[in-house]
file work.tsv (TSV, C-alpha atoms)
chain	number	residue	atom	x	y	z
G	16	PHE	CA	0.00	0.00	0.00
G	17	GLY	CA	1.10	3.56	-0.69
G	18	TRP	CA	0.42	6.89	0.99
G	19	GLU	CA	-2.79	7.31	-1.02
G	20	TRP	CA	-4.44	4.86	1.42
G	21	ALA	CA	-3.50	6.92	4.49
G	22	TYR	CA	-6.70	8.98	4.31
G	23	PHE	CA	-8.92	5.90	4.41
G	24	VAL	CA	-6.96	4.46	7.32
G	25	GLU	CA	-7.45	7.70	9.25
G	26	CYS	CA	-11.19	7.57	8.55
G	27	LEU	CA	-11.38	4.09	10.06
G	28	PHE	CA	-9.63	5.28	13.22
G	29	ALA	CA	-12.01	8.26	13.41
G	30	LEU	CA	-15.18	6.13	13.34
G	31	PRO	CA	-15.19	5.33	17.10
G	32	LEU	CA	-14.74	9.02	17.87
G	33	LEU	CA	-17.64	9.98	15.60
G	34	TYR	CA	-19.84	7.32	17.20
G	35	GLY	CA	-18.97	8.73	20.62
G	36	PHE	CA	-20.01	12.23	19.53
G	37	TYR	CA	-23.27	10.82	18.19
G	38	LYS	CA	-24.05	9.26	21.59
G	39	ILE	CA	-23.19	12.31	23.69
G	40	ARG	CA	-25.98	13.28	26.11
G	41	ASP	CA	-25.92	16.03	28.70
G	42	ASP	CA	-28.18	18.59	30.30
G	43	GLU	CA	-28.18	20.92	27.30
G	44	ASN	CA	-28.53	18.60	24.32
G	45	GLU	CA	-29.56	15.10	23.35
G	46	GLY	CA	-26.92	14.32	20.76
G	47	ILE	CA	-25.80	15.95	17.56
G	48	LEU	CA	-28.79	14.60	15.60
G	49	SER	CA	-31.39	15.59	18.19
G	50	LEU	CA	-34.17	17.98	17.17
G	51	LYS	CA	-34.38	19.47	20.65
G	52	ALA	CA	-33.65	23.17	20.58
G	53	PRO	CA	-30.87	24.31	22.93
G	54	PRO	CA	-31.75	26.82	25.66
G	55	LEU	CA	-31.42	30.47	24.73
G	56	PRO	CA	-28.21	32.05	26.08
G	57	PRO	CA	-28.48	35.04	28.43
G	58	LEU	CA	-28.32	38.44	26.78
G	59	SER	CA	-25.26	40.63	27.12
G	60	ILE	CA	-25.52	44.23	28.30
G	61	GLU	CA	-25.52	45.54	24.71
G	62	GLU	CA	-28.17	43.03	23.64
G	63	ALA	CA	-30.39	43.81	26.61
G	64	GLU	CA	-30.12	47.54	25.94
G	65	GLU	CA	-30.96	47.06	22.26
G	66	GLU	CA	-33.96	44.88	23.12
G	67	ARG	CA	-35.18	47.52	25.58
G	68	ARG	CA	-34.90	50.24	22.90
G	69	GLN	CA	-36.78	48.04	20.44
G	70	GLN	CA	-39.55	47.47	23.00
G	71	ASP	CA	-39.77	51.22	23.66
G	72	ASN	CA	-40.08	51.88	19.92
G	73	ASN	CA	-42.84	49.28	19.58
G	74	ASP	CA	-44.71	50.73	22.58
G	75	THR	CA	-44.47	54.22	21.09
G	76	VAL	CA	-45.80	53.03	17.74
G	77	THR	CA	-48.70	51.21	19.42
G	78	LEU	CA	-49.61	54.30	21.45
G	79	ASP	CA	-49.57	56.51	18.34
G	80	ASP	CA	-51.81	54.07	16.47
G	81	ASP	CA	-54.31	54.03	19.34
G	82	ILE	CA	-54.45	57.84	19.41
G	83	LEU	CA	-55.03	58.05	15.66
G	84	SER	CA	-57.73	55.38	15.70
G	85	THR	CA	-59.67	57.03	18.54
G	86	SER	CA	-59.44	60.53	17.01
G	87	GLY	CA	-60.78	59.37	13.67
G	88	ASN	CA	-57.68	60.55	11.83
G	89	SER	CA	-57.24	58.87	8.46
G	90	LEU	CA	-53.43	59.05	8.43
G	91	PRO	CA	-51.71	55.74	7.62
G	92	PRO	CA	-50.37	53.81	10.60
G	93	VAL	CA	-46.80	54.44	11.60
G	94	GLU	CA	-44.45	51.66	10.57
G	95	PRO	CA	-42.22	50.29	13.32
G	96	ASN	CA	-38.57	51.25	13.23
G	97	THR	CA	-36.73	48.56	11.28
G	98	LYS	CA	-33.23	49.81	11.99
G	99	THR	CA	-33.03	48.10	15.37
G	100	LYS	CA	-34.01	44.55	14.64
G	101	SER	CA	-33.48	41.93	17.30
G	102	LYS	CA	-30.55	39.61	16.78
G	103	SER	CA	-32.82	36.64	17.41
G	104	ASN	CA	-34.83	37.66	14.31
G	105	GLY	CA	-31.65	38.06	12.27
G	106	ASP	CA	-30.50	41.60	11.55
G	107	LEU	CA	-27.66	40.61	9.19
G	108	ASP	CA	-28.71	40.04	5.61
G	109	SER	CA	-25.37	39.85	3.84
G	110	LEU	CA	-21.92	38.39	4.20
G	111	TRP	CA	-20.30	41.82	4.15
G	112	ALA	CA	-22.44	42.98	7.04
G	113	GLU	CA	-21.28	39.99	9.08
G	114	ILE	CA	-17.66	40.71	8.20
G	115	ARG	CA	-18.08	44.32	9.30
G	116	ILE	CA	-19.36	43.09	12.65
G	117	CYS	CA	-16.16	41.06	13.08
G	118	LEU	CA	-13.97	43.97	12.00
G	119	ARG	CA	-15.50	46.19	14.68
G	120	SER	CA	-14.17	43.92	17.44
G	121	LYS	CA	-10.62	45.03	18.20
G	122	ILE	CA	-10.16	42.07	20.53
G	123	LEU	CA	-11.08	39.64	17.75
G	124	LEU	CA	-8.64	41.28	15.34
G	125	MET	CA	-5.79	41.05	17.85
G	126	LEU	CA	-6.62	37.40	18.57
G	127	ILE	CA	-6.63	36.63	14.85
G	128	MET	CA	-3.19	38.19	14.43
G	129	ALA	CA	-1.88	36.27	17.45
G	130	ASN	CA	-3.36	33.00	16.20
G	131	ALA	CA	-1.97	33.58	12.70
G	132	ALA	CA	1.55	34.01	14.07
G	133	PHE	CA	1.14	30.93	16.27
G	134	ILE	CA	-0.22	28.76	13.44
G	135	SER	CA	2.59	29.98	11.19
G	136	VAL	CA	5.22	28.45	13.47
G	137	ILE	CA	3.31	25.18	13.81
G	138	THR	CA	2.86	24.93	10.04
G	139	VAL	CA	6.50	25.73	9.30
G	140	MET	CA	7.73	23.07	11.71
G	141	GLY	CA	5.24	20.55	10.37
G	142	THR	CA	6.32	21.30	6.79
G	143	PHE	CA	10.09	21.53	7.17
G	144	GLY	CA	10.72	19.80	10.50
G	145	GLY	CA	11.62	16.49	8.89
G	146	SER	CA	14.07	18.09	6.46
G	147	PHE	CA	15.57	20.13	9.31
G	148	ILE	CA	16.28	16.98	11.31
G	149	ILE	CA	17.71	15.20	8.27
G	150	ALA	CA	19.92	18.17	7.40
G	151	LEU	CA	21.23	18.33	10.98
G	152	GLN	CA	22.25	14.65	10.72
G	153	LEU	CA	20.64	13.77	14.05
G	154	PHE	CA	19.65	10.30	12.82
G	155	THR	CA	21.47	7.69	10.81
G	156	SER	CA	18.73	7.34	8.18
G	157	GLU	CA	16.15	9.62	6.60
G	158	GLN	CA	13.34	7.12	7.19
G	159	LYS	CA	14.07	6.90	10.90
G	160	ALA	CA	14.25	10.69	11.17
G	161	ALA	CA	10.92	11.23	9.40
G	162	ILE	CA	9.07	8.56	11.40
G	163	THR	CA	10.45	9.69	14.74
G	164	PHE	CA	9.63	13.32	14.05
G	165	GLY	CA	6.09	12.52	12.88
G	166	VAL	CA	5.31	10.30	15.87
G	167	SER	CA	6.68	12.90	18.31
G	168	ALA	CA	4.57	15.68	16.80
G	169	ALA	CA	1.43	13.54	16.74
G	170	LEU	CA	1.82	12.47	20.38
G	171	ALA	CA	2.42	16.06	21.45
G	172	GLY	CA	-0.82	17.14	19.80
G	173	MET	CA	-2.83	14.21	21.15
G	174	ILE	CA	-1.67	14.86	24.71
G	175	GLY	CA	-1.49	18.64	24.74
G	176	THR	CA	-4.87	19.50	23.18
G	177	PRO	CA	-7.15	17.69	25.69
G	178	LEU	CA	-4.95	18.71	28.62
G	179	GLY	CA	-5.28	22.34	27.57
G	180	GLY	CA	-9.06	22.12	27.40
G	181	GLN	CA	-9.28	20.51	30.82
G	182	TYR	CA	-6.96	23.11	32.30
G	183	MET	CA	-9.02	25.99	30.88
G	184	ASP	CA	-12.20	24.52	32.36
G	185	SER	CA	-10.58	24.35	35.79
G	186	VAL	CA	-9.33	27.95	35.45
G	187	LEU	CA	-12.79	29.27	34.63
G	188	LEU	CA	-14.35	27.39	37.54
G	189	ARG	CA	-11.65	28.53	39.96
G	190	LYS	CA	-11.91	32.14	38.80
G	191	ASN	CA	-15.71	31.99	38.81
G	192	ALA	CA	-15.62	33.62	35.35
G	193	CYS	CA	-18.23	31.53	33.54
G	194	GLY	CA	-20.80	34.32	33.24
G	195	SER	CA	-19.29	37.31	31.45
G	196	SER	CA	-17.35	36.97	28.21
G	197	ALA	CA	-15.03	39.79	29.30
G	198	GLU	CA	-14.26	37.96	32.55
G	199	GLN	CA	-13.40	34.82	30.60
G	200	LEU	CA	-11.12	36.77	28.28
G	201	VAL	CA	-9.29	38.42	31.18
G	202	ALA	CA	-8.85	35.01	32.84
G	203	ILE	CA	-7.79	33.03	29.76
G	204	ILE	CA	-5.66	35.32	27.59
G	205	PRO	CA	-2.77	35.67	30.08
G	206	ARG	CA	-2.58	31.88	30.39
G	207	VAL	CA	-2.56	31.45	26.62
G	208	ASN	CA	0.27	33.95	26.44
G	209	LEU	CA	2.14	32.12	29.18
G	210	GLY	CA	1.73	28.81	27.35
G	211	ILE	CA	3.12	30.27	24.13
G	212	PHE	CA	6.03	31.80	26.03
G	213	LEU	CA	6.86	28.45	27.69
G	214	GLY	CA	6.68	26.73	24.30
G	215	PHE	CA	9.01	29.35	22.88
G	216	VAL	CA	11.51	28.82	25.71
G	217	LEU	CA	11.40	25.04	25.31
G	218	CYS	CA	12.05	25.35	21.58
G	219	LEU	CA	15.24	27.38	21.99
G	220	PRO	CA	17.54	24.50	23.09
G	221	THR	CA	16.87	22.72	19.78
G	222	VAL	CA	18.89	25.45	18.09
G	223	ILE	CA	22.11	24.32	19.77
G	224	VAL	CA	21.71	20.67	20.86
G	225	THR	CA	23.33	17.99	18.71
G	226	ASN	CA	21.88	14.93	20.46
G	227	ALA	CA	18.81	13.44	18.78
G	228	ALA	CA	17.10	12.42	22.03
G	229	LEU	CA	17.51	15.88	23.57
G	230	PHE	CA	16.36	17.54	20.36
G	231	LEU	CA	13.15	15.51	20.24
G	232	PHE	CA	12.57	15.92	23.99
G	233	PHE	CA	12.65	19.71	23.88
G	234	LEU	CA	10.74	19.90	20.60
G	235	SER	CA	7.99	17.50	21.74
G	236	SER	CA	7.66	19.26	25.09
G	237	ALA	CA	7.39	22.62	23.36
G	238	TRP	CA	4.77	21.33	20.95
G	239	MET	CA	2.74	19.78	23.75
G	240	VAL	CA	2.65	23.10	25.63
G	241	LEU	CA	1.79	25.00	22.44
G	242	PHE	CA	-1.03	22.60	21.59
G	243	MET	CA	-2.45	23.14	25.07
G	244	THR	CA	-3.32	26.71	24.03
G	245	THR	CA	-5.40	25.83	20.94
G	246	SER	CA	-8.74	25.21	22.66
G	247	ALA	CA	-8.23	28.27	24.85
G	248	MET	CA	-7.55	30.40	21.78
G	249	THR	CA	-10.80	29.21	20.21
G	250	LEU	CA	-12.69	30.06	23.39
G	251	CYS	CA	-11.18	33.55	23.39
G	252	ILE	CA	-12.25	34.11	19.78
G	253	MET	CA	-15.81	33.11	20.65
G	254	ASN	CA	-15.91	35.44	23.65
G	255	SER	CA	-14.54	38.40	21.69
G	256	VAL	CA	-17.96	39.06	20.11
G	257	ASP	CA	-21.60	38.78	21.18
G	258	ARG	CA	-23.14	35.33	21.30
G	259	ALA	CA	-25.15	35.88	18.11
G	260	TYR	CA	-21.95	36.51	16.11
G	261	ARG	CA	-19.76	33.68	17.42
G	262	PRO	CA	-20.15	31.44	14.33
G	263	ASN	CA	-19.23	34.43	12.16
G	264	ALA	CA	-16.18	35.15	14.31
G	265	LEU	CA	-14.95	31.55	14.10
G	266	GLY	CA	-15.41	31.43	10.32
G	267	PHE	CA	-13.80	34.83	9.81
G	268	SER	CA	-10.91	33.89	12.10
G	269	THR	CA	-10.29	30.63	10.23
G	270	LEU	CA	-10.23	32.44	6.89
G	271	MET	CA	-7.87	35.17	8.09
G	272	VAL	CA	-5.52	32.69	9.80
G	273	HIS	CA	-5.18	30.87	6.49
G	274	LEU	CA	-4.54	34.11	4.63
G	275	LEU	CA	-2.09	35.53	7.16
G	276	GLY	CA	-0.64	32.39	8.72
G	277	ASP	CA	-0.36	28.86	7.37
G	278	VAL	CA	-0.47	29.83	3.67
G	279	PRO	CA	2.29	32.50	3.39
G	280	ALA	CA	4.46	31.21	6.27
G	281	PRO	CA	5.78	28.03	4.55
G	282	ILE	CA	6.51	30.06	1.42
G	283	PHE	CA	8.53	32.66	3.32
G	284	PHE	CA	10.40	30.26	5.59
G	285	GLY	CA	10.98	27.86	2.70
G	286	TRP	CA	12.66	30.71	0.82
G	287	LEU	CA	14.63	31.57	3.97
G	288	LYS	CA	15.81	27.96	4.38
G	289	ASP	CA	16.86	27.74	0.77
G	290	THR	CA	18.76	31.04	1.14
G	291	LEU	CA	20.57	30.15	4.38
G	292	ALA	CA	21.29	26.54	3.33
G	293	PRO	CA	21.13	26.36	-0.49
G	294	ASN	CA	22.75	22.92	-0.68
G	295	CYS	CA	20.20	21.45	1.75
G	296	VAL	CA	17.38	21.87	-0.77
G	297	ILE	CA	15.72	18.55	-1.55
G	298	SER	CA	15.76	17.83	-5.28
G	299	SER	CA	13.21	15.94	-7.37
G	300	THR	CA	15.05	12.69	-6.56
G	301	GLY	CA	14.24	13.09	-2.84
G	302	ASN	CA	17.84	13.81	-1.82
G	303	PHE	CA	19.73	16.98	-0.98
G	304	ILE	CA	21.37	18.77	-3.87
G	305	ASP	CA	24.79	18.17	-2.33
G	306	VAL	CA	24.89	16.07	0.84
G	307	ARG	CA	28.55	16.86	1.55
G	308	LEU	CA	28.08	20.62	1.29
G	309	CYS	CA	24.80	20.42	3.22
G	310	LEU	CA	26.74	19.19	6.25
G	311	THR	CA	28.67	22.45	6.22
G	312	GLU	CA	25.45	24.52	6.17
G	313	GLN	CA	23.95	23.26	9.43
G	314	ARG	CA	24.43	26.72	10.88
G	315	GLY	CA	22.00	28.09	8.30
G	316	ILE	CA	19.45	25.41	9.25
G	317	ARG	CA	19.71	26.35	12.91
G	318	GLN	CA	19.36	30.03	12.05
G	319	CYS	CA	16.19	29.23	10.15
G	320	LEU	CA	14.89	27.32	13.19
G	321	LEU	CA	15.62	30.30	15.41
G	322	MET	CA	13.82	32.69	13.05
G	323	ALA	CA	10.76	30.43	13.11
G	324	TYR	CA	10.76	30.32	16.92
G	325	LEU	CA	11.17	34.09	17.18
G	326	TRP	CA	8.03	34.48	15.08
G	327	THR	CA	5.99	33.48	18.14
G	328	ILE	CA	6.93	36.82	19.73
G	329	TRP	CA	4.36	38.42	17.43
G	330	SER	CA	1.73	36.16	18.92
G	331	MET	CA	2.67	37.20	22.45
G	332	ILE	CA	2.55	40.89	21.54
G	333	PHE	CA	-0.92	40.69	19.99
G	334	LEU	CA	-2.20	38.61	22.91
G	335	GLU	CA	-1.04	41.26	25.36
G	336	ILE	CA	-2.89	43.93	23.36
G	337	ALA	CA	-6.01	41.72	23.38
G	338	ARG	CA	-5.70	41.29	27.16
G	339	ARG	CA	-5.63	45.04	27.72
G	340	LEU	CA	-8.62	45.54	25.45
G	341	ALA	CA	-10.53	42.82	27.31
G	342	LEU	CA	-9.65	44.45	30.64
G	343	GLU	CA	-11.00	47.74	29.33
G	344	ARG	CA	-14.22	46.04	28.24
G	345	LEU	CA	-14.62	44.44	31.67
G	346	ARG	CA	-14.21	47.82	33.39
G	347	ASN	CA	-16.79	49.36	31.07
G	348	GLU	CA	-19.25	46.55	31.80
G	349	LYS	CA	-18.82	46.98	35.53
G	350	GLN	CA	-19.31	50.74	35.27
G	351	ALA	CA	-22.44	50.21	33.17
G	352	THR	CA	-23.78	47.76	35.76
G	353	ILE	CA	-23.15	50.21	38.58
G	354	GLY	CA	-24.75	52.99	36.53
G	355	ASN	CA	-27.89	50.90	36.06
G	356	LEU	CA	-28.08	50.23	39.79
G	357	VAL	CA	-27.93	53.89	40.76
G	358	LEU	CA	-30.49	55.12	38.21
G	359	PRO	CA	-33.29	57.05	39.94
G	360	ILE	CA	-36.48	55.10	40.47
G	361	ALA	CA	-39.60	56.57	38.88
G	362	GLY	CA	-41.91	57.94	41.54
G	363	SER	CA	-39.34	57.74	44.34
G	364	PRO	CA	-39.33	60.58	46.88
G	365	ALA	CA	-36.84	63.36	46.31
G	366	LEU	CA	-33.95	63.77	48.72
G	367	PRO	CA	-32.77	67.14	50.05
G	368	GLY	CA	-31.21	69.13	47.24
G	369	GLY	CA	-33.71	67.97	44.64
G	370	LYS	CA	-32.11	64.53	44.07
G	371	LYS	CA	-34.23	61.45	43.67
G	372	LYS	CA	-33.64	58.35	45.70
G	373	GLY	CA	-31.92	55.56	43.79
G	374	ILE	CA	-31.44	51.88	44.46
G	375	LEU	CA	-28.10	52.28	46.16
G	376	SER	CA	-28.89	55.57	47.87
call {"tool": "encode", "arguments": {"input": "work.tsv", "output": "C-alpha cells"}}
result
Amino acid sequence: FGWEWAYFVECLFALPLLYGFYKIRDDENEGILSLKAPPLPPLSIEEAEEERRQQDNNDTVTLDDDILSTSGNSLPPVEPNTKTKSKSNGDLDSLWAEIRICLRSKILLMLIMANAAFISVITVMGTFGGSFIIALQLFTSEQKAAITFGVSAALAGMIGTPLGGQYMDSVLLRKNACGSSAEQLVAIIPRVNLGIFLGFVLCLPTVIVTNAALFLFFLSSAWMVLFMTTSAMTLCIMNSVDRAYRPNALGFSTLMVHLLGDVPAPIFFGWLKDTLAPNCVISSTGNFIDVRLCLTEQRGIRQCLLMAYLWTIWSMIFLEIARRLALERLRNEKQATIGNLVLPIAGSPALPGGKKKGILS
C-alpha cells in the first residue's frame, strides 16, 4: 500500500470518535442529531439595551396608532422602526455585514493576528521539520528521522490539546468567570500567552543541541505546551464578540488565519531555508542537492529554526494587546452595571437638594 491509502486508514480510526459524539448526552442537548432546541443564552448588556430600545419603539408606535384610531384621523399607521431589529430575528442580511461586525471587534482582530503568528510556526515546523532533522544529521537514516519526528509531533498534539481544554475549564471554575465573556477573556488570555512563552523557551535548546534524544525531547515538550493553548484560543475568539456573532467570528478567524498564517508562512520560511542553506534543498530525486556541502550549512538550518521560533513573539505581543482591550471592556461593563443600579427610580421621593432616591442611595 502507498500513501494514497492513508486517508482511508485515518477515517477508520475516526469512526469510534464519531460514534462517541453521536451518543453524547448532557443537560443541554440530546446528541448531535437531536431535534431538541438548545436553551437560549443570556443576553449581554448591549443586547439587553438594544432589546429595551426596540420594545420602547414598539410601545411608542402602538400608542400613536391608538391615538389616531380614537381621534378618527385617516393618516396611515406608523411603521415600526426597522433599523433596530433583534438579533434573534436576524439583523444581518449579507456576508459583508457579518464581516463588518467582526472587523469592529478590536479584541477579535488582535486574537486573529496572534493566532496567525502561532499557526505559522506550527505549520512551518510541520512542513520543514523532517528536512531540518535530516539536514542536521541527528539520525542515521532519513526514514528513521521522518518517522520519529512525525510520531513525536502527533503524540504532542494528542496529549497537549485535551490537557489544555481541561486546564481551561478548571481555570474558569476557579476564577468563577463563567458568566461574562469579558471575565473569561481576562482570565484566559494571560494563560494562553504564558503557554506560548513556555513553548518558545522550550524550543530554543533545539537550536544548539546535537543529540537526537535531547532535540526531540525539547521539541515535543514545546509542541505539547503549544497545543495546550489551541482550545483556549478558540474560546477567546468566541468570547470576543456577542453570542449571536460567534459562528461568524470563528469562520472569519479561520479564513484570516489561512490568509495571514499557514499559507504564506511556509513560502517565506521555505525561501529563507533555501537562502541560508542552499545545498540542503531537496531535489526531485528526494535527496539533498549536495549532501557533503549540506553538512557544512547546518548553521544556516539552525538560524532558520531560530527565526521560526522568534516568530511566536508576534503572537505574544498581539495577545497582550487583546488582554488590555478585554480588561477595558470588563471595566466598562462593571461601570455600566453600577450605573444601572444607581439610576433614579420613577416615583421615588426626592432627597434634600432635589435629588431622587436611587437603588443604592
call {"tool": "closest_residue", "arguments": {"input": "work.tsv", "among": "G:Leu32, G:Val139, G:Leu287, G:Ile122", "to": "Ser196 in chain G", "atoms": "all atoms listed in the file"}}
result
G:Ile122
call {"tool": "closest_residue", "arguments": {"input": "work.tsv", "among": "G:Ala161, G:Ile116, G:Val306, G:Ile127", "to": "Leu270 in chain G", "atoms": "only C-alpha atoms"}}
result
G:Ile127
call {"tool": "residues_around", "arguments": {"input": "work.tsv", "residues": "Phe333 in chain G", "least_positions_apart": "4", "cutoff": "7 Å", "atoms": "all atoms listed in the file", "output": "PyMOL selection string"}}
result
chain G and resi 125-126+128-129+329+337
call {"tool": "atom_distance", "arguments": {"input": "work.tsv", "atom1": "CA of Pro293 in chain G", "atom2": "CA of Val278 in chain G"}}
result
22.3 Å
call {"tool": "residues_around", "arguments": {"input": "work.tsv", "residues": "range 240-255 of chain G", "least_positions_apart": "3", "cutoff": "7 Å", "atoms": "all atoms listed in the file", "output": "list in words"}}
result
Ser120, Ile122, Leu123, Leu126, Gly172, Gly175, Thr176, Leu178, Gly179, Gly180, Met183, Ser196, Leu200, Ile203, Val207, Gly210, Ile211, Gly214, Ser236, Ala237, Arg261, Ala264 and Leu265 of chain G
call {"tool": "residues_near_point", "arguments": {"input": "work.tsv", "point": "(-7.4, 43.2, 27.6)", "cutoff": "10 Å", "atoms": "all atoms listed in the file", "output": "PyMOL selection string"}}
result
chain G and resi 122+197-198+200-202+204-205+334-345
call {"tool": "atom_distance", "arguments": {"input": "work.tsv", "atom1": "CA of Met331 in chain G", "atom2": "CA of Gln350 in chain G"}}
result
28.8 Å
